[in-house]
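Visitor: One file is attached below, upload_22.cif, containing mmCIF, C-alpha atoms.
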```cif
data_run
loop_
_atom_site.group_PDB
_atom_site.id
_atom_site.type_symbol
_atom_site.label_atom_id
_atom_site.label_comp_id
_atom_site.auth_asym_id
_atom_site.auth_seq_id
_atom_site.Cartn_x
_atom_site.Cartn_y
_atom_site.Cartn_z
ATOM 1 C CA MET A 1 96.608 120.513 110.056
ATOM 2 C CA ASP A 2 94.976 119.919 106.659
ATOM 3 C CA GLN A 3 92.895 116.779 106.471
ATOM 4 C CA GLN A 4 93.839 114.167 103.911
ATOM 5 C CA PRO A 5 91.362 114.101 101.001
ATOM 6 C CA LEU A 6 88.638 111.473 101.282
ATOM 7 C CA VAL A 7 87.623 108.846 98.731
ATOM 8 C CA LEU A 8 84.248 107.150 99.154
ATOM 9 C CA ILE A 9 83.836 103.944 97.147
ATOM 10 C CA LYS A 10 80.396 102.425 96.471
ATOM 11 C CA TYR A 11 81.297 98.759 96.155
ATOM 12 C CA GLY A 12 79.067 96.270 94.357
ATOM 13 C CA GLY A 13 78.538 94.142 91.254
ATOM 14 C CA ASN A 14 80.810 91.259 90.227
ATOM 15 C CA ALA A 15 83.784 92.843 91.998
ATOM 16 C CA MET A 16 82.015 91.810 95.192
ATOM 17 C CA LEU A 17 81.248 88.229 94.137
ATOM 18 C CA ASN A 18 84.612 87.188 92.706
ATOM 19 C CA GLU A 19 87.281 86.456 95.358
ATOM 20 C CA SER A 20 90.294 87.518 93.250
ATOM 21 C CA LEU A 21 88.529 90.752 92.223
ATOM 22 C CA LYS A 22 87.646 91.367 95.872
ATOM 23 C CA ARG A 23 91.313 91.092 96.878
ATOM 24 C CA ALA A 24 92.333 93.352 93.991
ATOM 25 C CA VAL A 25 89.823 95.994 95.158
ATOM 26 C CA ILE A 26 91.394 95.812 98.627
ATOM 27 C CA ASP A 27 94.896 96.170 97.114
ATOM 28 C CA ASN A 28 93.702 99.356 95.433
ATOM 29 C CA VAL A 29 92.324 100.681 98.707
ATOM 30 C CA GLY A 30 95.883 100.213 100.018
ATOM 31 C CA LYS A 31 97.307 102.150 97.056
ATOM 32 C CA LEU A 32 94.944 105.039 97.810
ATOM 33 C CA GLN A 33 95.971 105.113 101.477
ATOM 34 C CA THR A 34 99.666 104.998 100.521
ATOM 35 C CA ALA A 35 99.020 107.956 98.201
ATOM 36 C CA GLY A 36 97.628 109.936 101.165
ATOM 37 C CA PHE A 37 93.862 109.443 100.882
ATOM 38 C CA ARG A 38 91.394 108.458 103.577
ATOM 39 C CA VAL A 39 88.918 105.812 102.385
ATOM 40 C CA VAL A 40 85.326 104.896 103.230
ATOM 41 C CA LEU A 41 83.789 101.780 101.659
ATOM 42 C CA VAL A 42 79.989 101.566 101.281
ATOM 43 C CA HIS A 43 78.270 98.400 100.080
ATOM 44 C CA GLY A 44 74.960 96.697 99.451
ATOM 45 C CA GLY A 45 74.700 93.026 98.551
ATOM 46 C CA GLY A 46 71.744 92.074 96.325
ATOM 47 C CA PRO A 47 73.005 88.556 95.414
ATOM 48 C CA PHE A 48 73.760 87.782 99.096
ATOM 49 C CA ILE A 49 70.271 88.961 100.109
ATOM 50 C CA LYS A 50 68.702 86.797 97.384
ATOM 51 C CA LYS A 51 70.661 83.742 98.571
ATOM 52 C CA MET A 52 69.757 84.346 102.238
ATOM 53 C CA LEU A 53 66.029 84.787 101.525
ATOM 54 C CA GLU A 54 66.002 81.630 99.391
ATOM 55 C CA LEU A 55 67.736 79.760 102.214
ATOM 56 C CA VAL A 56 65.061 80.732 104.741
ATOM 57 C CA ARG A 57 62.301 80.288 102.118
ATOM 58 C CA ILE A 58 61.040 83.853 102.118
ATOM 59 C CA GLU A 59 59.645 84.723 98.704
ATOM 60 C CA SER A 60 60.386 88.233 97.482
ATOM 61 C CA GLU A 61 57.608 90.294 95.943
ATOM 62 C CA PHE A 62 58.740 92.890 93.416
ATOM 63 C CA ILE A 63 56.779 95.989 92.402
ATOM 64 C CA ASP A 64 58.161 97.479 89.164
ATOM 65 C CA GLY A 65 61.566 95.985 90.014
ATOM 66 C CA HIS A 66 61.543 97.235 93.630
ATOM 67 C CA ARG A 67 61.778 94.533 96.310
ATOM 68 C CA LYS A 68 58.983 94.716 98.886
ATOM 69 C CA THR A 69 60.572 94.106 102.291
ATOM 70 C CA THR A 70 58.556 92.654 105.160
ATOM 71 C CA PRO A 71 59.806 93.022 108.777
ATOM 72 C CA GLU A 72 60.571 89.262 108.687
ATOM 73 C CA ALA A 73 62.596 89.599 105.458
ATOM 74 C CA LEU A 74 64.476 92.635 106.819
ATOM 75 C CA LYS A 75 65.763 90.525 109.719
ATOM 76 C CA TYR A 76 67.508 88.222 107.228
ATOM 77 C CA ILE A 77 68.546 91.057 104.885
ATOM 78 C CA GLU A 78 70.346 92.691 107.803
ATOM 79 C CA MET A 79 71.928 89.330 108.651
ATOM 80 C CA ALA A 80 73.249 88.982 105.088
ATOM 81 C CA LEU A 81 74.510 92.569 104.809
ATOM 82 C CA LYS A 82 76.019 92.996 108.278
ATOM 83 C CA GLY A 83 77.009 89.402 108.968
ATOM 84 C CA GLU A 84 78.192 87.889 105.714
ATOM 85 C CA VAL A 85 79.087 90.830 103.431
ATOM 86 C CA ASN A 86 80.275 93.458 105.907
ATOM 87 C CA GLY A 87 82.003 90.953 108.193
ATOM 88 C CA GLY A 88 83.771 89.354 105.219
ATOM 89 C CA LEU A 89 85.046 92.685 103.869
ATOM 90 C CA VAL A 90 86.272 93.813 107.287
ATOM 91 C CA ASN A 91 88.118 90.519 107.687
ATOM 92 C CA LEU A 92 89.840 90.822 104.282
ATOM 93 C CA LEU A 93 90.803 94.462 104.880
ATOM 94 C CA ASN A 94 92.241 93.645 108.302
ATOM 95 C CA GLN A 95 94.199 90.721 106.845
ATOM 96 C CA ALA A 96 95.690 93.215 104.383
ATOM 97 C CA GLY A 97 96.909 95.389 107.256
ATOM 98 C CA HIS A 98 94.114 97.973 107.381
ATOM 99 C CA ARG A 99 92.152 98.833 110.517
ATOM 100 C CA ALA A 100 88.654 98.269 109.162
ATOM 101 C CA VAL A 101 85.509 98.846 111.212
ATOM 102 C CA GLY A 102 82.147 97.388 110.113
ATOM 103 C CA LEU A 103 79.111 99.644 110.467
ATOM 104 C CA SER A 104 75.582 100.224 109.251
ATOM 105 C CA GLY A 105 73.693 103.506 109.103
ATOM 106 C CA LYS A 106 72.164 102.610 112.487
ATOM 107 C CA ASP A 107 75.496 102.892 114.333
ATOM 108 C CA GLY A 108 75.821 106.176 116.203
ATOM 109 C CA ARG A 109 72.573 107.294 114.508
ATOM 110 C CA MET A 110 74.772 107.962 111.497
ATOM 111 C CA VAL A 111 71.961 107.827 108.926
ATOM 112 C CA LEU A 112 68.362 108.752 109.626
ATOM 113 C CA ALA A 113 65.871 107.153 107.235
ATOM 114 C CA LYS A 114 62.192 107.467 106.410
ATOM 115 C CA LYS A 115 59.760 105.028 104.819
ATOM 116 C CA ARG A 116 59.838 105.001 101.037
ATOM 117 C CA TYR A 117 56.799 104.611 98.786
ATOM 118 C CA HIS A 118 56.828 103.659 95.122
ATOM 119 C CA PHE A 119 54.639 105.575 92.690
ATOM 120 C CA ARG A 120 53.354 104.439 89.311
ATOM 121 C CA GLU A 121 51.658 106.696 86.773
ATOM 122 C CA THR A 122 48.448 105.118 85.431
ATOM 123 C CA GLU A 123 45.583 106.349 83.271
ATOM 124 C CA GLU A 124 43.591 106.880 86.465
ATOM 125 C CA GLY A 125 46.401 108.989 87.971
ATOM 126 C CA ARG A 126 49.273 108.362 90.346
ATOM 127 C CA GLU A 127 49.180 105.033 92.199
ATOM 128 C CA GLN A 128 51.062 104.606 95.503
ATOM 129 C CA PHE A 129 52.641 101.297 96.606
ATOM 130 C CA ASP A 130 53.874 100.403 100.074
ATOM 131 C CA LEU A 131 57.305 98.725 99.813
ATOM 132 C CA GLY A 132 57.379 97.727 103.485
ATOM 133 C CA GLN A 133 60.695 98.248 105.284
ATOM 134 C CA VAL A 134 62.362 100.118 102.414
ATOM 135 C CA GLY A 135 63.670 103.568 103.248
ATOM 136 C CA ASP A 136 65.197 106.775 101.917
ATOM 137 C CA VAL A 137 67.975 108.766 103.572
ATOM 138 C CA VAL A 138 66.709 111.845 105.435
ATOM 139 C CA SER A 139 69.970 113.026 107.012
ATOM 140 C CA VAL A 140 73.561 111.976 107.716
ATOM 141 C CA ASP A 141 75.556 112.652 110.891
ATOM 142 C CA THR A 142 79.247 112.238 110.019
ATOM 143 C CA LYS A 143 80.636 112.509 113.596
ATOM 144 C CA LEU A 144 81.284 108.784 114.047
ATOM 145 C CA LEU A 145 82.854 108.399 110.586
ATOM 146 C CA GLN A 146 85.058 111.477 111.090
ATOM 147 C CA HIS A 147 86.196 110.186 114.477
ATOM 148 C CA LEU A 148 87.159 106.817 112.992
ATOM 149 C CA LEU A 149 88.925 108.394 110.001
ATOM 150 C CA ASP A 150 90.808 110.844 112.228
ATOM 151 C CA HIS A 151 92.161 107.888 114.216
ATOM 152 C CA GLY A 152 93.311 105.878 111.200
ATOM 153 C CA PHE A 153 90.382 103.468 110.864
ATOM 154 C CA LEU A 154 88.742 102.459 107.588
ATOM 155 C CA PRO A 155 84.923 102.474 107.872
ATOM 156 C CA VAL A 156 83.010 99.809 105.927
ATOM 157 C CA VAL A 157 79.342 100.806 105.907
ATOM 158 C CA THR A 158 76.241 98.920 104.810
ATOM 159 C CA CYS A 159 72.886 100.403 103.873
ATOM 160 C CA ILE A 160 70.583 99.655 106.837
ATOM 161 C CA ALA A 161 69.239 102.668 108.747
ATOM 162 C CA SER A 162 66.532 103.547 111.278
ATOM 163 C CA ASP A 163 63.913 106.296 111.425
ATOM 164 C CA GLU A 164 63.166 108.650 114.338
ATOM 165 C CA ASP A 165 61.026 105.952 115.993
ATOM 166 C CA GLY A 166 63.701 103.252 115.729
ATOM 167 C CA LEU A 167 62.055 101.362 112.853
ATOM 168 C CA ASP A 168 64.678 99.809 110.575
ATOM 169 C CA TYR A 169 64.848 100.128 106.792
ATOM 170 C CA ASN A 170 66.813 98.690 103.916
ATOM 171 C CA VAL A 171 68.047 101.653 101.826
ATOM 172 C CA ASN A 172 69.156 101.468 98.192
ATOM 173 C CA ALA A 173 72.961 101.179 98.460
ATOM 174 C CA ASP A 174 73.656 103.656 95.627
ATOM 175 C CA MET A 175 71.470 106.348 97.214
ATOM 176 C CA PHE A 176 72.934 105.603 100.653
ATOM 177 C CA ALA A 177 76.511 105.927 99.330
ATOM 178 C CA GLY A 178 75.738 109.144 97.460
ATOM 179 C CA ALA A 179 74.263 110.724 100.606
ATOM 180 C CA LEU A 180 77.359 109.738 102.648
ATOM 181 C CA ALA A 181 79.765 111.007 99.952
ATOM 182 C CA GLY A 182 77.997 114.371 99.960
ATOM 183 C CA ALA A 183 77.824 114.687 103.748
ATOM 184 C CA LEU A 184 81.549 113.833 104.051
ATOM 185 C CA ASN A 185 82.463 116.337 101.277
ATOM 186 C CA ALA A 186 84.326 113.493 99.547
ATOM 187 C CA ALA A 187 87.071 114.657 97.191
ATOM 188 C CA HIS A 188 86.271 111.602 95.049
ATOM 189 C CA TYR A 189 83.106 109.513 94.918
ATOM 190 C CA LEU A 190 83.620 106.288 92.928
ATOM 191 C CA VAL A 191 80.702 104.043 91.958
ATOM 192 C CA LEU A 192 81.857 100.563 90.939
ATOM 193 C CA THR A 193 79.822 98.754 88.315
ATOM 194 C CA ASP A 194 80.368 95.951 85.772
ATOM 195 C CA VAL A 195 80.905 98.155 82.686
ATOM 196 C CA ASP A 196 83.461 100.841 81.824
ATOM 197 C CA GLY A 197 81.054 103.698 82.562
ATOM 198 C CA LEU A 198 78.015 105.255 80.886
ATOM 199 C CA LEU A 199 77.777 104.223 77.227
ATOM 200 C CA ARG A 200 75.848 106.304 74.684
ATOM 201 C CA ASP A 201 75.032 102.989 72.986
ATOM 202 C CA ILE A 202 74.931 99.956 75.300
ATOM 203 C CA ASP A 203 76.082 97.672 72.435
ATOM 204 C CA ASP A 204 79.075 99.825 71.517
ATOM 205 C CA PRO A 205 81.946 99.825 74.060
ATOM 206 C CA GLY A 206 83.507 102.674 72.053
ATOM 207 C CA SER A 207 80.596 104.979 72.924
ATOM 208 C CA LEU A 208 81.808 105.607 76.484
ATOM 209 C CA ILE A 209 80.934 109.089 77.736
ATOM 210 C CA GLY A 210 84.117 110.309 79.442
ATOM 211 C CA GLU A 211 82.617 113.415 81.046
ATOM 212 C CA LEU A 212 79.152 114.777 81.749
ATOM 213 C CA GLN A 213 77.938 117.998 83.313
ATOM 214 C CA LEU A 214 75.554 117.511 86.239
ATOM 215 C CA GLU A 215 72.910 119.611 84.440
ATOM 216 C CA GLU A 216 72.947 117.156 81.492
ATOM 217 C CA LEU A 217 71.741 114.188 83.593
ATOM 218 C CA PRO A 218 67.954 114.891 83.641
ATOM 219 C CA GLY A 219 67.818 115.087 79.827
ATOM 220 C CA LEU A 220 69.521 111.697 79.459
ATOM 221 C CA MET A 221 67.400 109.801 82.009
ATOM 222 C CA GLY A 222 65.372 107.045 80.336
ATOM 223 C CA SER A 223 67.184 107.361 77.009
ATOM 224 C CA VAL A 224 70.967 107.053 77.485
ATOM 225 C CA ILE A 225 70.707 106.451 81.248
ATOM 226 C CA LYS A 226 68.631 103.283 81.630
ATOM 227 C CA GLY A 227 68.060 100.321 83.968
ATOM 228 C CA GLY A 228 70.695 99.851 86.670
ATOM 229 C CA MET A 229 72.533 103.004 85.556
ATOM 230 C CA ILE A 230 69.652 105.207 86.757
ATOM 231 C CA PRO A 231 70.278 104.790 90.533
ATOM 232 C CA LYS A 232 74.055 105.024 89.969
ATOM 233 C CA LEU A 233 73.815 108.389 88.190
ATOM 234 C CA GLU A 234 71.156 109.597 90.644
ATOM 235 C CA SER A 235 73.550 108.766 93.490
ATOM 236 C CA CYS A 236 76.277 110.832 91.778
ATOM 237 C CA GLN A 237 73.781 113.684 91.531
ATOM 238 C CA ILE A 238 72.943 113.421 95.260
ATOM 239 C CA ALA A 239 76.659 113.303 96.153
ATOM 240 C CA LEU A 240 77.620 116.361 94.096
ATOM 241 C CA GLN A 241 74.598 118.436 95.103
ATOM 242 C CA SER A 242 75.243 117.768 98.797
ATOM 243 C CA GLY A 243 78.987 118.381 99.021
ATOM 244 C CA ALA A 244 81.146 115.855 97.115
ATOM 245 C CA LYS A 245 83.778 117.422 94.840
ATOM 246 C CA SER A 246 83.704 114.825 92.040
ATOM 247 C CA ALA A 247 81.811 111.666 91.103
ATOM 248 C CA ARG A 248 82.743 108.911 88.708
ATOM 249 C CA ILE A 249 81.276 105.615 87.449
ATOM 250 C CA ILE A 250 84.039 103.045 86.869
ATOM 251 C CA ASN A 251 84.453 99.353 86.101
ATOM 252 C CA GLY A 252 84.935 97.396 89.323
ATOM 253 C CA THR A 253 85.884 94.278 87.368
ATOM 254 C CA ARG A 254 89.097 96.141 86.443
ATOM 255 C CA PRO A 255 90.110 97.071 90.006
ATOM 256 C CA ASP A 256 93.303 98.980 89.099
ATOM 257 C CA THR A 257 91.055 101.682 87.661
ATOM 258 C CA ILE A 258 90.030 102.490 91.264
ATOM 259 C CA SER A 259 93.401 103.926 92.257
ATOM 260 C CA GLU A 260 94.124 105.215 88.724
ATOM 261 C CA ALA A 261 90.856 107.203 88.628
ATOM 262 C CA VAL A 262 91.900 109.070 91.771
ATOM 263 C CA ILE A 263 95.691 109.290 91.479
ATOM 264 C CA SER A 264 96.288 109.660 87.721
ATOM 265 C CA GLU A 265 94.996 112.267 85.297
ATOM 266 C CA LYS A 266 93.752 109.606 82.866
ATOM 267 C CA ILE A 267 90.180 109.650 81.572
ATOM 268 C CA ILE A 268 88.706 106.608 83.322
ATOM 269 C CA GLY A 269 85.022 105.727 83.382
ATOM 270 C CA THR A 270 82.404 108.482 83.299
ATOM 271 C CA LYS A 271 83.115 111.588 85.348
ATOM 272 C CA ILE A 272 80.196 113.790 86.380
ATOM 273 C CA CYS A 273 81.189 117.417 86.848
ATOM 274 C CA LEU A 274 79.468 120.232 88.718
#
```
Can I see the file as structure tokens?
Guide:
Amino acid sequence: MDQQPLVLIKYGGNAMLNESLKRAVIDNVGKLQTAGFRVVLVHGGGPFIKKMLELVRIESEFIDGHRKTTPEALKYIEMALKGEVNGGLVNLLNQAGHRAVGLSGKDGRMVLAKKRYHFRETEEGREQFDLGQVGDVVSVDTKLLQHLLDHGFLPVVTCIASDEDGLDYNVNADMFAGALAGALNAAHYLVLTDVDGLLRDIDDPGSLIGELQLEELPGLMGSVIKGGMIPKLESCQIALQSGAKSARIINGTRPDTISEAVISEKIIGTKICL
């Protein structure tokens, strides 16, 4: 029996903060399932982490925009991601008639991580910074996800993972999602953001780039691809290079584009092609 094609959605941005947008995203997950697709939802939760750390009065130190994560902070980050964000999404999906299961990369040793260091180029050479409990994905074991999907469940996965020694890490959600999309050979990898896709000129909505070849990405990094778009396009690169069939950046604040991008032939968002 042929497996139904898989769609992996990296969920984030305002579509995660606004209740009506959240419900519309879930409606579109339903449309995808009705159209014969299996769905995996991957999420981070920056604003929820910020709120949780403020609540427990843990100040965040940032190094070139990267949050340094102490073991104490990670405890609360995991609480925010697994408790509030993941639990809330699972609840909404189940209310809508899905059979959602909340997971992190730690479950079933699904994602193996390693400690991540940040590097800065200086006049004296390359400087290394320790970001604490921040990790990169080393490998993905899809057995648990495949088992759940084969039995009609909808996995909702957040970006916490452990290393070989059982130390836990917070992993960038875009990179985490890209690694999972590749390992699962996703037919469609959708990255939700707050704009219509990659714009050639950030101030001109008409400059949307509808399609890009994977080999074009390095030449655009730092010029056209800037700021928060860098990890999103890098995650598409990871996904495509490790097994995903297509990757697309779309506007999560217009949730109907989620099902349209997969089901219709319309040009929606920015598609990255192999």
Visitor: Report as a PyMOL selection string the residues that result from applying the PyMOL selection byres ((chain A and resi 49-55) around 9) to the structure here.
Guide: chain A and resi 45-48+56-60+73+76-81
Visitor: To one decimal place in Å, what is the distance between atom CA of Ala96 of chain A and atom CA of Asp27 of chain A?
Guide: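 Distance between the two atoms: 7.9 Å.
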Visitor: Nearest residue to Pro218 of chain A out of A:Val40, A:Gln237, A:Pro155, A:Ile250, using only C-alpha atoms?
Guide: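 Distance minimum relative to Pro218 of chain A lands on A:Gln237.
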Visitor: From the list A:Ala181, A:Val171, A:Ile230, A:Ala261, which residue is nearest Asp196 of chain A when using only C-alpha atoms?
Guide: A:Ala261
Visitor: Within 6 Å of (69.2, 106.1, 108.4) (coordinates as in the file), grab all the protein and nucleic acid residues, counting only C-alpha atoms, and write them out as a compact mmCIF listing (two decimals) with C-alpha atoms, in the frame of the given file.
Guide:
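Produced file out-v6.txt, reproduced below:
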```
# COMPACT_ATOMS: atom_id res chain seq x y z
CA GLY A 105 73.69 103.51 109.10
CA VAL A 111 71.96 107.83 108.93
CA LEU A 112 68.36 108.75 109.63
CA ALA A 113 65.87 107.15 107.24
CA VAL A 137 67.97 108.77 103.57
CA ALA A 161 69.24 102.67 108.75
CA SER A 162 66.53 103.55 111.28
```
Visitor: Could you work out how far atom CA of Thr158 of chain A lies from atom CA of Gly227 of chain A, giving the answer in Å with one decimal?
Guide: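 Computed distance, atom CA of Gly227 of chain A to atom CA of Thr158 of chain A, equals 22.4 Å.
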Visitor: Suppose you want the space between atom CA of Ser104 of chain A and atom CA of Glu260 of chain A; what is it in Å?
Guide: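 Going from atom CA of Ser104 of chain A over to atom CA of Glu260 of chain A, I get 28.1 Å.
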Visitor: Counting all atoms listed in the file, what is within 10 Å of Ser242 of chain A, bar same-chain residues fewer than 2 positions away, as a PDB file with C-alpha atoms, in the frame of the given file?
Guide:
```pdb
ATOM      1  CA  GLY A 178      75.738 109.144  97.460  1.00  0.00           C
ATOM      2  CA  ALA A 179      74.263 110.724 100.606  1.00  0.00           C
ATOM      3  CA  LEU A 180      77.359 109.738 102.648  1.00  0.00           C
ATOM      4  CA  ALA A 181      79.765 111.007  99.952  1.00  0.00           C
ATOM      5  CA  GLY A 182      77.997 114.371  99.960  1.00  0.00           C
ATOM      6  CA  ALA A 183      77.824 114.687 103.748  1.00  0.00           C
ATOM      7  CA  LEU A 184      81.549 113.833 104.051  1.00  0.00           C
ATOM      8  CA  ASN A 185      82.463 116.337 101.277  1.00  0.00           C
ATOM      9  CA  CYS A 236      76.277 110.832  91.778  1.00  0.00           C
ATOM     10  CA  GLN A 237      73.781 113.684  91.531  1.00  0.00           C
ATOM     11  CA  ILE A 238      72.943 113.421  95.260  1.00  0.00           C
ATOM     12  CA  ALA A 239      76.659 113.303  96.153  1.00  0.00           C
ATOM     13  CA  LEU A 240      77.620 116.361  94.096  1.00  0.00           C
ATOM     14  CA  ALA A 244      81.146 115.855  97.115  1.00  0.00           C
ATOM     15  CA  LYS A 245      83.778 117.422  94.840  1.00  0.00           C
TER      16      LYS A 245
END
```
Visitor: Show me, as a PyMOL selection string, the residues that have an atom within 12 Å of Glu127 of chain A when counting all atoms listed in the file, minus same-chain residues fewer than 4 positions from it.
Guide: chain A and resi 63+117-123
Visitor: For the PyMOL selection byres ((chain A and resi 247) around 12), applied here, can you spell out every residue it catches as a ChimeraX atom specification?
Guide: /A:7-10,177-178,181-182,185-192,197,210-214,232-246,248-250,261-262,268-274
Visitor: Dump C-alpha atoms for the selected residues as an mmCIF file, in the frame of the given file?
Guide:
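Output contents, as saved in out.cif:
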```
data_model
loop_
_atom_site.group_PDB
_atom_site.id
_atom_site.type_symbol
_atom_site.label_atom_id
_atom_site.label_comp_id
_atom_site.auth_asym_id
_atom_site.auth_seq_id
_atom_site.Cartn_x
_atom_site.Cartn_y
_atom_site.Cartn_z
ATOM 1 C CA VAL A 7 87.623 108.846 98.731
ATOM 2 C CA LEU A 8 84.248 107.150 99.154
ATOM 3 C CA ILE A 9 83.836 103.944 97.147
ATOM 4 C CA LYS A 10 80.396 102.425 96.471
ATOM 5 C CA ALA A 177 76.511 105.927 99.330
ATOM 6 C CA GLY A 178 75.738 109.144 97.460
ATOM 7 C CA ALA A 181 79.765 111.007 99.952
ATOM 8 C CA GLY A 182 77.997 114.371 99.960
ATOM 9 C CA ASN A 185 82.463 116.337 101.277
ATOM 10 C CA ALA A 186 84.326 113.493 99.547
ATOM 11 C CA ALA A 187 87.071 114.657 97.191
ATOM 12 C CA HIS A 188 86.271 111.602 95.049
ATOM 13 C CA TYR A 189 83.106 109.513 94.918
ATOM 14 C CA LEU A 190 83.620 106.288 92.928
ATOM 15 C CA VAL A 191 80.702 104.043 91.958
ATOM 16 C CA LEU A 192 81.857 100.563 90.939
ATOM 17 C CA GLY A 197 81.054 103.698 82.562
ATOM 18 C CA GLY A 210 84.117 110.309 79.442
ATOM 19 C CA GLU A 211 82.617 113.415 81.046
ATOM 20 C CA LEU A 212 79.152 114.777 81.749
ATOM 21 C CA GLN A 213 77.938 117.998 83.313
ATOM 22 C CA LEU A 214 75.554 117.511 86.239
ATOM 23 C CA LYS A 232 74.055 105.024 89.969
ATOM 24 C CA LEU A 233 73.815 108.389 88.190
ATOM 25 C CA GLU A 234 71.156 109.597 90.644
ATOM 26 C CA SER A 235 73.550 108.766 93.490
ATOM 27 C CA CYS A 236 76.277 110.832 91.778
ATOM 28 C CA GLN A 237 73.781 113.684 91.531
ATOM 29 C CA ILE A 238 72.943 113.421 95.260
ATOM 30 C CA ALA A 239 76.659 113.303 96.153
ATOM 31 C CA LEU A 240 77.620 116.361 94.096
ATOM 32 C CA GLN A 241 74.598 118.436 95.103
ATOM 33 C CA SER A 242 75.243 117.768 98.797
ATOM 34 C CA GLY A 243 78.987 118.381 99.021
ATOM 35 C CA ALA A 244 81.146 115.855 97.115
ATOM 36 C CA LYS A 245 83.778 117.422 94.840
ATOM 37 C CA SER A 246 83.704 114.825 92.040
ATOM 38 C CA ARG A 248 82.743 108.911 88.708
ATOM 39 C CA ILE A 249 81.276 105.615 87.449
ATOM 40 C CA ILE A 250 84.039 103.045 86.869
ATOM 41 C CA ALA A 261 90.856 107.203 88.628
ATOM 42 C CA VAL A 262 91.900 109.070 91.771
ATOM 43 C CA ILE A 268 88.706 106.608 83.322
ATOM 44 C CA GLY A 269 85.022 105.727 83.382
ATOM 45 C CA THR A 270 82.404 108.482 83.299
ATOM 46 C CA LYS A 271 83.115 111.588 85.348
ATOM 47 C CA ILE A 272 80.196 113.790 86.380
ATOM 48 C CA CYS A 273 81.189 117.417 86.848
ATOM 49 C CA LEU A 274 79.468 120.232 88.718
#
```
Visitor: Once the PyMOL selection byres ((chain A and resi 253) around 8) has been applied to the shown file, what residues remain in the selection, as a count of residues only?
Guide: 10
Visitor: Set up a box along x, y and z of the file covering all listed atoms of segment 81-99 of chain A, add 6 Å on every one of the six sides, and write the centre and edge lengths in Å to one decimal, as AutoDock Vina command-line options.
Guide:
```
--center_x 85.7 --center_y 93.4 --center_z 107.0 --size_x 34.4 --size_y 22.9 --size_z 19.1
```
Visitor: Mind checking which residues fall within 7 Å of Arg116 of chain A, counting only C-alpha atoms, ignoring those fewer than 2 positions away in the same chain, and posting them as a ChimeraX atom specification?
Guide: /A:114,118,131,134-136
Visitor: Counting only C-alpha atoms, I want the residues whose atoms come within 10 Å of (57.7, 94.2, 101.4) in the file frame, returned as number ranges by chain.
Guide: A: 60-63, 66-74, 129-134
Visitor: Go ahead and save the picked residues with C-alpha atoms, as a compact mmCIF listing (two decimals), keeping the file's coordinate frame.
Guide:
```txt
# COMPACT_ATOMS: atom_id res chain seq x y z
CA SER A 60 60.39 88.23 97.48
CA GLU A 61 57.61 90.29 95.94
CA PHE A 62 58.74 92.89 93.42
CA ILE A 63 56.78 95.99 92.40
CA HIS A 66 61.54 97.24 93.63
CA ARG A 67 61.78 94.53 96.31
CA LYS A 68 58.98 94.72 98.89
CA THR A 69 60.57 94.11 102.29
CA THR A 70 58.56 92.65 105.16
CA PRO A 71 59.81 93.02 108.78
CA GLU A 72 60.57 89.26 108.69
CA ALA A 73 62.60 89.60 105.46
CA LEU A 74 64.48 92.64 106.82
CA PHE A 129 52.64 101.30 96.61
CA ASP A 130 53.87 100.40 100.07
CA LEU A 131 57.30 98.72 99.81
CA GLY A 132 57.38 97.73 103.48
CA GLN A 133 60.70 98.25 105.28
CA VAL A 134 62.36 100.12 102.41
```
Visitor: Which of these, A:Pro231, A:Gly12, A:Gly108, A:Gly125, has the shortest distance to Asp141 of chain A once you count all atoms listed in the file?
Guide: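 Smallest separation from Asp141 of chain A among the options: A:Gly108.
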Visitor: Kindly indicate which residue among A:Lys115, A:Met229, A:Gly222, A:Leu208 lies nearest to Asp163 of chain A, using all atoms listed in the file for the distances.
Guide: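 With all atoms listed in the file as the atom set, the closest residue is A:Lys115.
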Visitor: Rebuild segment 265-272 of chain A so that it carries N, CA and C atoms, then output the result as a PDB file, keeping the file's coordinate frame.
Guide:
```pdb
ATOM      1  N   GLU A 265      95.809 111.276  86.019  1.00  0.00           N
ATOM      2  CA  GLU A 265      94.996 112.267  85.297  1.00  0.00           C
ATOM      3  C   GLU A 265      94.283 111.624  84.110  1.00  0.00           C
ATOM      4  N   LYS A 266      94.352 110.297  84.009  1.00  0.00           N
ATOM      5  CA  LYS A 266      93.752 109.606  82.866  1.00  0.00           C
ATOM      6  C   LYS A 266      92.229 109.749  82.880  1.00  0.00           C
ATOM      7  N   ILE A 267      91.645 109.673  81.673  1.00  0.00           N
ATOM      8  CA  ILE A 267      90.180 109.650  81.572  1.00  0.00           C
ATOM      9  C   ILE A 267      89.757 108.201  81.816  1.00  0.00           C
ATOM     10  N   ILE A 268      89.135 107.962  82.947  1.00  0.00           N
ATOM     11  CA  ILE A 268      88.706 106.608  83.322  1.00  0.00           C
ATOM     12  C   ILE A 268      87.225 106.670  83.682  1.00  0.00           C
ATOM     13  N   GLY A 269      86.432 105.773  83.089  1.00  0.00           N
ATOM     14  CA  GLY A 269      85.022 105.727  83.382  1.00  0.00           C
ATOM     15  C   GLY A 269      84.286 106.984  82.923  1.00  0.00           C
ATOM     16  N   THR A 270      83.204 107.281  83.601  1.00  0.00           N
ATOM     17  CA  THR A 270      82.404 108.482  83.299  1.00  0.00           C
ATOM     18  C   THR A 270      82.469 109.414  84.494  1.00  0.00           C
ATOM     19  N   LYS A 271      83.011 110.597  84.269  1.00  0.00           N
ATOM     20  CA  LYS A 271      83.115 111.588  85.348  1.00  0.00           C
ATOM     21  C   LYS A 271      81.952 112.562  85.242  1.00  0.00           C
ATOM     22  N   ILE A 272      81.308 112.813  86.362  1.00  0.00           N
ATOM     23  CA  ILE A 272      80.196 113.790  86.380  1.00  0.00           C
ATOM     24  C   ILE A 272      80.721 115.043  87.072  1.00  0.00           C
TER      25      ILE A 272
END
```
